[in-house]
Amino acid sequence: MILDAHGHIGRWPDFLIPDPTAEGLVRHMDRLGITAMGVSHLLAVGPDAGTGNRLAAEAAAAHPGRFGVWEVANPHHRHPLTGGPAVWGIKLHPDVHLCALDDPRYDHVWEYAREHGMPVLSHGQTGSPWSDPSRFAAVAARHPGVPLLMGHSGLEPDGFARAAAIAADHPALYLETCGSKITGRWIARLVALAGADRVVYGSDACFLDLRAGYGKLALAPLDDEARALVAGGNLARILGPALGRTLTASRGTRP
């Protein structure tokens, strides 16, 4: 089972996305053998979290078993989180929203995630005043019961090792691998630094090409056990029953 932790649907104003559709993602997922992907809609990351979250849920319903939804929480425009049957967890983007990950305006997110047993996936960017790995350390220390995925593992090569060291100190903090600057060798090094049970595969499709993202993991110098954990085993453990609901939806479509 291959699970992609970090995907998107929709368009972004200053980034070329040749195919922003759920259908396009599913075609590539089928070619690569990817079981399911966690997605947030880019409209939700941008100006309209409520509508974008609804569109992501509609895409999941249209493709049973293929998508879990990361509901985006915008700290400036408070809106209800639905926790619907397709939801895997909550998505934060501190750099778009200009709100530091450990800002009190996200307190309702951590409380909601704790109460509902949900993980949180956040954009992480080394050197950013909003999402530097040090912000993840602060949140993980305050909310040790909430699984927290550091999107992009810090994003920049000069921060990968630092992100891994921080994750190693916090049992509920995980490194997520997507990004144009990460390589298969860096994925293997993150595993060596933080542990194979602390690294989660993600592609950032449809921003980035799904084939290239998965190819980095497929060709990374890892043993079979570590590759299986990164490719899906770790995320399956984090998601628990939420993944089961996704896969059951797929079985329910068969005659």
# chains A, B, ... in the order shown; residues from 1 in each chain; ligands from 1
>>> residues_around(residues="region 72-79 of chain A", least_positions_apart="3", cutoff="9 Å", atoms="only C-alpha atoms", output="PDB file with N, CA and C atoms, in the first residue's frame")
ATOM      1  N   SER A  40      -5.558  18.757  -0.096  1.00  0.00           N
ATOM      2  CA  SER A  40      -6.268  19.979   0.264  1.00  0.00           C
ATOM      3  C   SER A  40      -6.491  20.757  -1.022  1.00  0.00           C
ATOM      4  N   HIS A  41      -7.607  21.466  -1.098  1.00  0.00           N
ATOM      5  CA  HIS A  41      -7.887  22.263  -2.286  1.00  0.00           C
ATOM      6  C   HIS A  41      -7.164  23.600  -2.164  1.00  0.00           C
ATOM      7  N   ALA A  44      -8.842  26.544  -0.766  1.00  0.00           N
ATOM      8  CA  ALA A  44      -8.899  26.563   0.696  1.00  0.00           C
ATOM      9  C   ALA A  44      -7.612  27.111   1.293  1.00  0.00           C
ATOM     10  N   VAL A  45      -6.469  26.747   0.699  1.00  0.00           N
ATOM     11  CA  VAL A  45      -5.197  27.277   1.176  1.00  0.00           C
ATOM     12  C   VAL A  45      -5.145  28.781   0.955  1.00  0.00           C
ATOM     13  N   GLY A  46      -5.776  29.242  -0.125  1.00  0.00           N
ATOM     14  CA  GLY A  46      -5.787  30.658  -0.457  1.00  0.00           C
ATOM     15  C   GLY A  46      -6.928  31.419   0.180  1.00  0.00           C
ATOM     16  N   PRO A  47      -7.836  31.979  -0.629  1.00  0.00           N
ATOM     17  CA  PRO A  47      -8.777  32.970  -0.094  1.00  0.00           C
ATOM     18  C   PRO A  47     -10.042  32.433   0.543  1.00  0.00           C
ATOM     19  N   ASP A  48     -10.382  31.152   0.331  1.00  0.00           N
ATOM     20  CA  ASP A  48     -11.715  30.702   0.759  1.00  0.00           C
ATOM     21  C   ASP A  48     -11.641  29.272   1.287  1.00  0.00           C
ATOM     22  N   ALA A  49     -11.333  29.144   2.566  1.00  0.00           N
ATOM     23  CA  ALA A  49     -11.162  27.816   3.155  1.00  0.00           C
ATOM     24  C   ALA A  49     -12.456  27.021   3.142  1.00  0.00           C
ATOM     25  N   GLY A  50     -13.573  27.668   3.432  1.00  0.00           N
ATOM     26  CA  GLY A  50     -14.830  26.943   3.493  1.00  0.00           C
ATOM     27  C   GLY A  50     -15.205  26.315   2.165  1.00  0.00           C
ATOM     28  N   GLY A  52     -13.205  25.848  -0.481  1.00  0.00           N
ATOM     29  CA  GLY A  52     -12.168  24.907  -0.897  1.00  0.00           C
ATOM     30  C   GLY A  52     -12.272  23.576  -0.185  1.00  0.00           C
ATOM     31  N   ASN A  53     -12.569  23.595   1.107  1.00  0.00           N
ATOM     32  CA  ASN A  53     -12.737  22.336   1.834  1.00  0.00           C
ATOM     33  C   ASN A  53     -13.917  21.537   1.295  1.00  0.00           C
ATOM     34  N   GLY A  89      -7.410  14.848   8.343  1.00  0.00           N
ATOM     35  CA  GLY A  89      -6.860  15.726   9.366  1.00  0.00           C
ATOM     36  C   GLY A  89      -6.959  17.170   8.921  1.00  0.00           C
ATOM     37  N   ILE A  90      -6.112  18.009   9.490  1.00  0.00           N
ATOM     38  CA  ILE A  90      -6.157  19.454   9.292  1.00  0.00           C
ATOM     39  C   ILE A  90      -4.882  19.911   8.603  1.00  0.00           C
ATOM     40  N   LYS A  91      -5.024  20.851   7.676  1.00  0.00           N
ATOM     41  CA  LYS A  91      -3.885  21.410   6.947  1.00  0.00           C
ATOM     42  C   LYS A  91      -3.709  22.873   7.342  1.00  0.00           C
ATOM     43  N   LEU A  92      -2.450  23.254   7.643  1.00  0.00           N
ATOM     44  CA  LEU A  92      -2.100  24.637   7.952  1.00  0.00           C
ATOM     45  C   LEU A  92      -1.044  25.107   6.965  1.00  0.00           C
ATOM     46  N   HIS A  93      -1.104  26.390   6.622  1.00  0.00           N
ATOM     47  CA  HIS A  93      -0.067  26.972   5.763  1.00  0.00           C
ATOM     48  C   HIS A  93       0.335  28.321   6.352  1.00  0.00           C
ATOM     49  N   PRO A  94       1.200  28.308   7.358  1.00  0.00           N
ATOM     50  CA  PRO A  94       1.558  29.555   8.036  1.00  0.00           C
ATOM     51  C   PRO A  94       2.141  30.610   7.113  1.00  0.00           C
ATOM     52  N   HIS A  97      -0.699  32.294   5.166  1.00  0.00           N
ATOM     53  CA  HIS A  97      -1.588  33.031   6.064  1.00  0.00           C
ATOM     54  C   HIS A  97      -0.854  34.032   6.950  1.00  0.00           C
ATOM     55  N   CYS A  99       0.937  33.695   9.618  1.00  0.00           N
ATOM     56  CA  CYS A  99       0.620  33.445  11.027  1.00  0.00           C
ATOM     57  C   CYS A  99       1.512  32.305  11.496  1.00  0.00           C
ATOM     58  N   ARG A 105      -3.477  31.971  17.662  1.00  0.00           N
ATOM     59  CA  ARG A 105      -4.634  31.915  16.768  1.00  0.00           C
ATOM     60  C   ARG A 105      -4.866  30.516  16.200  1.00  0.00           C
ATOM     61  N   TYR A 106      -3.889  29.637  16.365  1.00  0.00           N
ATOM     62  CA  TYR A 106      -4.088  28.244  15.977  1.00  0.00           C
ATOM     63  C   TYR A 106      -4.491  27.358  17.153  1.00  0.00           C
ATOM     64  N   VAL A 109      -7.151  24.831  16.629  1.00  0.00           N
ATOM     65  CA  VAL A 109      -6.799  23.706  15.765  1.00  0.00           C
ATOM     66  C   VAL A 109      -6.242  22.556  16.591  1.00  0.00           C
TER      67      VAL A 109
END
>>> select_by_dssp(residues="region 111-221 of chain A", states="helix (DSSP H, G or I)", output="number ranges by chain")
A: 111-116, 133-142, 152-154, 157-168, 184-194, 196-198, 210-218
>>> write_last_selection(atoms="C-alpha atoms", output="short mmCIF file (atom, residue, chain, number, x, y, z; two decimals), in the first residue's frame")
data_model
loop_
_atom_site.label_atom_id
_atom_site.label_comp_id
_atom_site.auth_asym_id
_atom_site.auth_seq_id
_atom_site.Cartn_x
_atom_site.Cartn_y
_atom_site.Cartn_z
CA GLU A 111 -7.67 21.42 20.61
CA TYR A 112 -9.89 20.16 17.79
CA ALA A 113 -7.22 17.75 16.57
CA ARG A 114 -6.69 16.38 20.07
CA GLU A 115 -10.41 15.92 20.74
CA HIS A 116 -11.01 14.16 17.40
CA PRO A 133 11.25 23.80 12.14
CA SER A 134 11.74 25.51 15.51
CA ARG A 135 8.04 26.44 15.40
CA PHE A 136 7.19 22.75 15.00
CA ALA A 137 9.32 21.93 18.04
CA ALA A 138 7.40 24.49 20.10
CA VAL A 139 4.01 23.10 19.03
CA ALA A 140 5.07 19.47 19.47
CA ALA A 141 6.23 20.24 23.02
CA ARG A 142 2.93 21.90 23.90
CA HIS A 152 8.60 19.45 3.07
CA SER A 153 10.83 18.58 6.06
CA GLY A 154 11.89 22.22 6.17
CA PRO A 157 18.54 21.48 1.90
CA ASP A 158 20.35 23.54 4.52
CA GLY A 159 17.54 22.72 6.95
CA PHE A 160 16.83 19.03 6.30
CA ALA A 161 19.27 17.70 8.90
CA ARG A 162 18.10 20.26 11.45
CA ALA A 163 14.47 19.29 10.83
CA ALA A 164 15.37 15.63 11.36
CA ALA A 165 17.15 16.40 14.62
CA ILE A 166 14.12 18.31 15.89
CA ALA A 167 11.75 15.50 14.88
CA ALA A 168 13.91 12.92 16.64
CA GLY A 184 16.25 10.07 -2.81
CA ARG A 185 19.54 10.25 -0.93
CA TRP A 186 18.13 12.93 1.33
CA ILE A 187 15.09 10.76 2.05
CA ALA A 188 17.45 7.99 3.11
CA ARG A 189 19.41 10.42 5.27
CA LEU A 190 16.24 11.66 6.98
CA VAL A 191 15.45 8.02 7.79
CA ALA A 192 18.94 7.54 9.21
CA LEU A 193 18.73 10.73 11.31
CA ALA A 194 15.15 10.56 12.61
CA ALA A 196 12.35 4.97 9.55
CA ASP A 197 9.16 5.22 11.62
CA ARG A 198 9.27 9.03 11.57
CA LEU A 210 3.62 13.03 -9.01
CA ARG A 211 5.89 10.76 -11.07
CA ALA A 212 9.02 12.64 -10.02
CA GLY A 213 7.94 12.77 -6.39
CA TYR A 214 7.31 9.06 -6.11
CA GLY A 215 10.43 8.24 -8.15
CA LYS A 216 12.61 9.80 -5.45
CA LEU A 217 11.22 7.38 -2.88
CA ALA A 218 11.22 4.39 -5.23
#
>>> residues_around(residues="region 173-178 of chain A", least_positions_apart="5", cutoff="6 Å", atoms="only C-alpha atoms", output="list in words")
Leu148, Leu149, Met150, Gly151, His152, Ser153, Ala167, Arg198, Val199, Val200, Tyr201, Gly202, Ser203 and Asp204 of chain A
>>> select_by_dssp(residues="region 59-126 of chain A", states="strand (DSSP E or B)", output="list in words")
Phe67, Gly68, Val69, Trp70, Glu71, Val72, Val87, Trp88, Gly89, Ile90, Lys91, Leu92, Val120, Leu121, Ser122 and His123 of chain A
>>> closest_residue(among="A:Leu43, A:Leu247, A:Ile2, A:Ile34", to="Val96 (chain A)", atoms="only C-alpha atoms")
A:Leu43
>>> atom_distance(atom1="CA of Ala59 (chain A)", atom2="CA of Thr82 (chain A)")
15.5 Å
>>> residues_around(residues="Gly240 (chain A)", least_positions_apart="6", cutoff="10 Å", atoms="only C-alpha atoms", output="MDAnalysis selection string")
chainID A and resid 88 117:118
>>> write_last_selection(atoms="N, CA and C atoms", output="PDB file, in the first residue's frame")
ATOM      1  N   TRP A  88      -9.008  13.318   6.676  1.00  0.00           N
ATOM      2  CA  TRP A  88      -7.861  12.678   7.330  1.00  0.00           C
ATOM      3  C   TRP A  88      -7.334  13.535   8.478  1.00  0.00           C
ATOM      4  N   GLY A 117      -8.823  13.100  17.592  1.00  0.00           N
ATOM      5  CA  GLY A 117      -7.796  12.137  17.240  1.00  0.00           C
ATOM      6  C   GLY A 117      -7.254  12.317  15.834  1.00  0.00           C
ATOM      7  N   MET A 118      -7.069  13.559  15.404  1.00  0.00           N
ATOM      8  CA  MET A 118      -6.654  13.869  14.036  1.00  0.00           C
ATOM      9  C   MET A 118      -5.204  14.344  13.992  1.00  0.00           C
TER      10      MET A 118
END
>>> closest_residue(among="A:Arg66, A:Val26, A:His108, A:Glu58", to="Gly84 (chain A)", atoms="only C-alpha atoms")
A:Glu58
>>> closest_residue(among="A:Ser122, A:Asn234, A:Thr246, A:Thr35", to="Ala57 (chain A)", atoms="only C-alpha atoms")
A:Thr246
